[in-house]
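The structure appears below as structure tokens.
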Amino acid sequence: MTESASSTRPGVNADQTELDKFAALAARWWDPESEFKPLHAINPLRLDWIQECAGSLAGKTVLDVGCGGGILSESMAATGATVTGIDLAERSLKIARLHGLESGIKVDYRAVPVEDLAAEQAGHYDVVTCMEMLEHVPDPGSVVRACAALVKPGGWVFFSTLNRNAKSFLFAILGAEYVLNLLPRGTHSHDQFIKPSELAASARQAGLEPTSMRGMEYNPITKVYRLSGDTSVNYLMATRK
């Protein structure tokens with residue numbers, strides 16, 4: 001995975017433009033009919049798949065990298081896991097904390113780069129998740145290495161991102177952002193999408209072994225998402241240290 005050009009803050013693996021996109025939408029994270037409707041729709045699929053691979057999360061220490069407003073973080077905590085969620089979008093974290101107070105589900109939210117946390121807590125977590133984030137950072141390989149450092153030996157790291165090909169441009173950008181209006185226009189940049197072979201290579205270089213991969217498809221007629229074997233657009237990858 002190559003580093004893409006972007007306006008990053010000095011010393012931090014983040015694109016301020018990307019952070020600003022999500023900050024502008026922060027107040028709507030928990031509105032299931034907002035721009036984050038797709039995340040609400042796919043969250044049960046993600047959670048079930050994580051538990052299918054890693055087993056029950058109850059009693060496990062879990063880190064959610066790029067947690068945003070806490071949709072996945074809260075759902076994992078609700079299973080009985082001890083969850084930490086990290087993000088660099090402060091407004092999103094504020095919304096996540098407020099929603100946690102309303103729901104009564106405890107998650108420890110921190111504004112810290114994953115690389116910095118890896119230096120603090122190497123080998124601390126049973127499970128690390130990094131969903132829909134890699135395509136938004138300048139150096140995704142750095143995030144993969146940090147996630148690998150944070151997980152315990154034998155622990156699981158889960159990634160989800162978008163494949164880079166003509167079909168993903170057609171479906172994930174033209175279709176999702178301009179035709180179906182599932183996402184705000186400009187949410188994604190196709191040149192930042194990551195091929196499964198690239199992600200797998202990056203994971204192996206970091207000491208993670210890919211164990212399974214699933215695609216995620218959307219039916220515009222039924223408006224239903226499902227996991228499948230088609231990884232040509234959206235895909236999830238399970239890896240183990």
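Here's how to read the names in the structure tokens: chain A, B, ... by the order shown, residue numbers from 1 in each chain, ligand numbers from 1 in the order shown.
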**Prompt:** Where does DSSP see strand (DSSP E or B) in stretch 95-225 of chain A, if you list the residues as number ranges by chain?
**Reply:** A: 108-110, 125-131, 151-162, 209-219, 224-225
So that I have them on file, write out the residues from the current selection with C-alpha atoms, as a PDB file, in the first residue's frame.
ATOM      1  CA  ASP A 108     -13.408   4.330  26.856  1.00  0.00           C
ATOM      2  CA  TYR A 109     -13.037   6.876  24.051  1.00  0.00           C
ATOM      3  CA  ARG A 110      -9.664   8.472  23.425  1.00  0.00           C
ATOM      4  CA  TYR A 125      -5.805  -6.287  23.254  1.00  0.00           C
ATOM      5  CA  ASP A 126      -7.514  -9.571  22.443  1.00  0.00           C
ATOM      6  CA  VAL A 127      -9.276  -8.066  19.420  1.00  0.00           C
ATOM      7  CA  VAL A 128      -8.576  -4.968  17.312  1.00  0.00           C
ATOM      8  CA  THR A 129     -11.034  -3.668  14.723  1.00  0.00           C
ATOM      9  CA  CYS A 130     -10.265  -1.102  12.027  1.00  0.00           C
ATOM     10  CA  MET A 131     -13.358  -0.660   9.903  1.00  0.00           C
ATOM     11  CA  VAL A 151      -2.997  -7.128  19.628  1.00  0.00           C
ATOM     12  CA  LYS A 152      -1.855  -9.995  21.826  1.00  0.00           C
ATOM     13  CA  PRO A 153      -0.174 -13.058  20.282  1.00  0.00           C
ATOM     14  CA  GLY A 154      -3.018 -15.265  19.065  1.00  0.00           C
ATOM     15  CA  GLY A 155      -5.356 -12.270  18.990  1.00  0.00           C
ATOM     16  CA  TRP A 156      -7.482 -11.060  16.095  1.00  0.00           C
ATOM     17  CA  VAL A 157      -7.319  -7.939  13.950  1.00  0.00           C
ATOM     18  CA  PHE A 158     -10.244  -7.146  11.642  1.00  0.00           C
ATOM     19  CA  PHE A 159     -10.127  -4.727   8.737  1.00  0.00           C
ATOM     20  CA  SER A 160     -12.746  -3.521   6.285  1.00  0.00           C
ATOM     21  CA  THR A 161     -12.136  -1.262   3.321  1.00  0.00           C
ATOM     22  CA  LEU A 162     -12.811  -0.907  -0.423  1.00  0.00           C
ATOM     23  CA  GLU A 209      -1.876 -13.883   9.046  1.00  0.00           C
ATOM     24  CA  PRO A 210      -5.055 -13.368   6.992  1.00  0.00           C
ATOM     25  CA  THR A 211      -7.505 -16.156   7.841  1.00  0.00           C
ATOM     26  CA  SER A 212     -10.714 -15.254   6.010  1.00  0.00           C
ATOM     27  CA  MET A 213     -12.287 -12.583   3.860  1.00  0.00           C
ATOM     28  CA  ARG A 214     -15.863 -11.647   3.040  1.00  0.00           C
ATOM     29  CA  GLY A 215     -17.421  -9.225   0.643  1.00  0.00           C
ATOM     30  CA  MET A 216     -20.309  -6.913   1.459  1.00  0.00           C
ATOM     31  CA  GLU A 217     -23.027  -6.268  -1.099  1.00  0.00           C
ATOM     32  CA  TYR A 218     -25.991  -3.896  -1.271  1.00  0.00           C
ATOM     33  CA  ASN A 219     -29.210  -4.662  -3.114  1.00  0.00           C
ATOM     34  CA  VAL A 224     -30.571  -4.820   2.165  1.00  0.00           C
ATOM     35  CA  TYR A 225     -26.874  -5.423   2.818  1.00  0.00           C
TER      36      TYR A 225
END
**Item:** Selection near A:Val107, 7 Å with only C-alpha atoms, sequence-local residues under 6 positions removed, as a PyMOL selection string
**Value:** chain A and resi 73-74+77+83-85
Store the residues picked out above, limited to N, CA and C atoms, as a PDB file, in the first residue's frame.
ATOM      1  N   SER A  73     -18.285   0.324  18.322  1.00  0.00           N
ATOM      2  CA  SER A  73     -17.742   0.239  19.684  1.00  0.00           C
ATOM      3  C   SER A  73     -18.823  -0.129  20.692  1.00  0.00           C
ATOM      4  N   GLU A  74     -19.948   0.569  20.631  1.00  0.00           N
ATOM      5  CA  GLU A  74     -21.031   0.289  21.581  1.00  0.00           C
ATOM      6  C   GLU A  74     -21.579  -1.119  21.402  1.00  0.00           C
ATOM      7  N   ALA A  77     -19.217  -3.501  23.033  1.00  0.00           N
ATOM      8  CA  ALA A  77     -19.292  -3.379  24.488  1.00  0.00           C
ATOM      9  C   ALA A  77     -20.558  -4.021  25.037  1.00  0.00           C
ATOM     10  N   VAL A  83     -14.193  -2.272  25.943  1.00  0.00           N
ATOM     11  CA  VAL A  83     -13.886  -1.656  24.653  1.00  0.00           C
ATOM     12  C   VAL A  83     -13.260  -0.279  24.818  1.00  0.00           C
ATOM     13  N   THR A  84     -12.200  -0.045  24.063  1.00  0.00           N
ATOM     14  CA  THR A  84     -11.608   1.280  23.900  1.00  0.00           C
ATOM     15  C   THR A  84     -11.822   1.698  22.454  1.00  0.00           C
ATOM     16  N   GLY A  85     -12.298   2.908  22.245  1.00  0.00           N
ATOM     17  CA  GLY A  85     -12.484   3.435  20.897  1.00  0.00           C
ATOM     18  C   GLY A  85     -11.588   4.638  20.699  1.00  0.00           C
TER      19      GLY A  85
END
**Request:** Just list the residues in stretch 52-212 of chain A DSSP gives alpha helix (DSSP H) on the backbone, as a PyMOL selection string.
**Result:** chain A and resi 52-54+71-77+90-103+114-120+140-150+166-168+196-205
**Request:** Please indicate the distance in Å from atom CA of A:His40 to atom CA of A:Glu52, rounded to one decimal place.
**Result:** 19.3 Å
**Item:** Using only C-alpha atoms: which of A:Ala41, A:Ile71, A:Leu199, A:Ala122 has the shortest distance to A:Pro140
**Value:**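 Once distances to A:Pro140 are computed over only C-alpha atoms, the minimum belongs to A:Leu199.
Among the candidates A:Glu90, A:Glu35, A:Asp116, A:Asp48, the one nearest to A:Ser75 when counting only C-alpha atoms is A:Asp48.
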**Prompt:** Restricting the calculation to only C-alpha atoms, which member of A:Leu39, A:Ala201, A:Val143, A:Leu134 is positioned closest to A:Val12?
**Reply:** A:Val143
**Prompt:** So how many Å separate atom CA of A:Leu170 and atom CA of A:Leu72, to one decimal?
**Reply:**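 Atom-to-atom, atom CA of A:Leu170 to atom CA of A:Leu72, that is 27.0 Å.
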**Request:** Quick one: everything within 12 Å of A:Glu198, counting only C-alpha atoms, minus sequence neighbours fewer than 3 positions away in the same chain. Send it as a list in words.
**Result:**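 Once the nearby chain positions are removed, what remains is Met1, Thr2, Leu134, Pro140, Gly141, Val144, Thr161, Leu162, Asn163, Arg164, Gln192, Phe193, Ile194, Lys195, Ala201, Ser202, Ala203, Arg204, Gln205, Pro210 and Met237 of chain A.
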Please produce a file of the residues just selected, as a PDB file, in the first residue's frame, where the atoms kept are N, CA, C and O atoms.
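Contents of the output file out_21.pdb:
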ATOM      1  N   MET A   1       0.851  -1.188   0.000  1.00  0.00           N
ATOM      2  CA  MET A   1       0.000   0.000   0.000  1.00  0.00           C
ATOM      3  C   MET A   1       0.886   1.235   0.000  1.00  0.00           C
ATOM      4  O   MET A   1       1.797   1.352   0.802  1.00  0.00           O
ATOM      5  N   THR A   2       0.622   2.123  -0.886  1.00  0.00           N
ATOM      6  CA  THR A   2       1.449   3.305  -1.013  1.00  0.00           C
ATOM      7  C   THR A   2       0.850   4.473  -0.262  1.00  0.00           C
ATOM      8  O   THR A   2      -0.350   4.558  -0.032  1.00  0.00           O
ATOM      9  N   LEU A 134      -9.035   2.642   6.713  1.00  0.00           N
ATOM     10  CA  LEU A 134      -7.765   2.608   5.980  1.00  0.00           C
ATOM     11  C   LEU A 134      -7.778   3.463   4.728  1.00  0.00           C
ATOM     12  O   LEU A 134      -6.754   4.041   4.351  1.00  0.00           O
ATOM     13  N   PRO A 140      -1.890   3.878   5.104  1.00  0.00           N
ATOM     14  CA  PRO A 140      -2.631   2.764   5.708  1.00  0.00           C
ATOM     15  C   PRO A 140      -1.723   1.676   6.265  1.00  0.00           C
ATOM     16  O   PRO A 140      -2.062   1.021   7.248  1.00  0.00           O
ATOM     17  N   GLY A 141      -0.541   1.484   5.655  1.00  0.00           N
ATOM     18  CA  GLY A 141       0.370   0.472   6.157  1.00  0.00           C
ATOM     19  C   GLY A 141       0.811   0.742   7.581  1.00  0.00           C
ATOM     20  O   GLY A 141       1.004  -0.189   8.372  1.00  0.00           O
ATOM     21  N   VAL A 144      -1.901  -0.512   9.855  1.00  0.00           N
ATOM     22  CA  VAL A 144      -1.869  -1.974   9.946  1.00  0.00           C
ATOM     23  C   VAL A 144      -0.776  -2.422  10.918  1.00  0.00           C
ATOM     24  O   VAL A 144      -0.992  -3.282  11.771  1.00  0.00           O
ATOM     25  N   THR A 161     -12.470  -2.391   4.184  1.00  0.00           N
ATOM     26  CA  THR A 161     -12.136  -1.262   3.321  1.00  0.00           C
ATOM     27  C   THR A 161     -12.732  -1.520   1.938  1.00  0.00           C
ATOM     28  O   THR A 161     -13.614  -2.378   1.796  1.00  0.00           O
ATOM     29  N   LEU A 162     -12.269  -0.787   0.932  1.00  0.00           N
ATOM     30  CA  LEU A 162     -12.811  -0.907  -0.423  1.00  0.00           C
ATOM     31  C   LEU A 162     -11.729  -1.316  -1.403  1.00  0.00           C
ATOM     32  O   LEU A 162     -10.600  -0.820  -1.353  1.00  0.00           O
ATOM     33  N   ASN A 163     -12.084  -2.232  -2.283  1.00  0.00           N
ATOM     34  CA  ASN A 163     -11.184  -2.691  -3.329  1.00  0.00           C
ATOM     35  C   ASN A 163     -10.973  -1.569  -4.359  1.00  0.00           C
ATOM     36  O   ASN A 163     -11.820  -0.691  -4.504  1.00  0.00           O
ATOM     37  N   ARG A 164      -9.847  -1.611  -5.045  1.00  0.00           N
ATOM     38  CA  ARG A 164      -9.540  -0.585  -6.044  1.00  0.00           C
ATOM     39  C   ARG A 164      -9.579  -1.200  -7.436  1.00  0.00           C
ATOM     40  O   ARG A 164      -8.674  -1.925  -7.849  1.00  0.00           O
ATOM     41  N   GLN A 192      -7.435   5.970  -3.156  1.00  0.00           N
ATOM     42  CA  GLN A 192      -7.078   5.544  -1.804  1.00  0.00           C
ATOM     43  C   GLN A 192      -7.664   4.172  -1.455  1.00  0.00           C
ATOM     44  O   GLN A 192      -7.414   3.655  -0.357  1.00  0.00           O
ATOM     45  N   PHE A 193      -8.421   3.597  -2.374  1.00  0.00           N
ATOM     46  CA  PHE A 193      -8.934   2.243  -2.139  1.00  0.00           C
ATOM     47  C   PHE A 193      -7.772   1.256  -2.161  1.00  0.00           C
ATOM     48  O   PHE A 193      -6.720   1.516  -2.742  1.00  0.00           O
ATOM     49  N   ILE A 194      -7.958   0.105  -1.534  1.00  0.00           N
ATOM     50  CA  ILE A 194      -6.869  -0.845  -1.303  1.00  0.00           C
ATOM     51  C   ILE A 194      -7.270  -2.232  -1.799  1.00  0.00           C
ATOM     52  O   ILE A 194      -8.291  -2.781  -1.373  1.00  0.00           O
ATOM     53  N   LYS A 195      -6.454  -2.802  -2.657  1.00  0.00           N
ATOM     54  CA  LYS A 195      -6.730  -4.149  -3.139  1.00  0.00           C
ATOM     55  C   LYS A 195      -6.515  -5.170  -2.015  1.00  0.00           C
ATOM     56  O   LYS A 195      -5.620  -4.992  -1.183  1.00  0.00           O
ATOM     57  N   ALA A 201      -0.744  -8.428   2.026  1.00  0.00           N
ATOM     58  CA  ALA A 201       0.717  -8.315   2.069  1.00  0.00           C
ATOM     59  C   ALA A 201       1.160  -7.425   3.219  1.00  0.00           C
ATOM     60  O   ALA A 201       2.119  -7.746   3.939  1.00  0.00           O
ATOM     61  N   SER A 202       0.452  -6.320   3.407  1.00  0.00           N
ATOM     62  CA  SER A 202       0.778  -5.407   4.495  1.00  0.00           C
ATOM     63  C   SER A 202       0.569  -6.088   5.850  1.00  0.00           C
ATOM     64  O   SER A 202       1.374  -5.919   6.777  1.00  0.00           O
ATOM     65  N   ALA A 203      -0.505  -6.861   5.965  1.00  0.00           N
ATOM     66  CA  ALA A 203      -0.781  -7.575   7.214  1.00  0.00           C
ATOM     67  C   ALA A 203       0.326  -8.586   7.517  1.00  0.00           C
ATOM     68  O   ALA A 203       0.824  -8.663   8.644  1.00  0.00           O
ATOM     69  N   ARG A 204       0.716  -9.358   6.517  1.00  0.00           N
ATOM     70  CA  ARG A 204       1.757 -10.374   6.727  1.00  0.00           C
ATOM     71  C   ARG A 204       3.087  -9.722   7.120  1.00  0.00           C
ATOM     72  O   ARG A 204       3.808 -10.230   7.983  1.00  0.00           O
ATOM     73  N   GLN A 205       3.413  -8.612   6.493  1.00  0.00           N
ATOM     74  CA  GLN A 205       4.647  -7.899   6.834  1.00  0.00           C
ATOM     75  C   GLN A 205       4.625  -7.422   8.280  1.00  0.00           C
ATOM     76  O   GLN A 205       5.680  -7.279   8.912  1.00  0.00           O
ATOM     77  N   PRO A 210      -3.652 -13.401   7.423  1.00  0.00           N
ATOM     78  CA  PRO A 210      -5.055 -13.368   6.992  1.00  0.00           C
ATOM     79  C   PRO A 210      -5.669 -14.764   7.075  1.00  0.00           C
ATOM     80  O   PRO A 210      -5.060 -15.744   6.639  1.00  0.00           O
ATOM     81  N   MET A 237     -11.598  -8.300   6.123  1.00  0.00           N
ATOM     82  CA  MET A 237     -10.521  -9.272   6.232  1.00  0.00           C
ATOM     83  C   MET A 237     -10.231  -9.538   7.708  1.00  0.00           C
ATOM     84  O   MET A 237     -10.029  -8.621   8.497  1.00  0.00           O
TER      85      MET A 237
END
**Request:** To one decimal in Å, tell me the separation between atom CA of A:Thr82 and atom CA of A:Gly11.
**Result:** 29.5 Å
**Counting only C-alpha atoms, the option among A:Gln121, A:Val114, A:Trp29, A:Ser228 closest to A:Asp139** = A:Val114
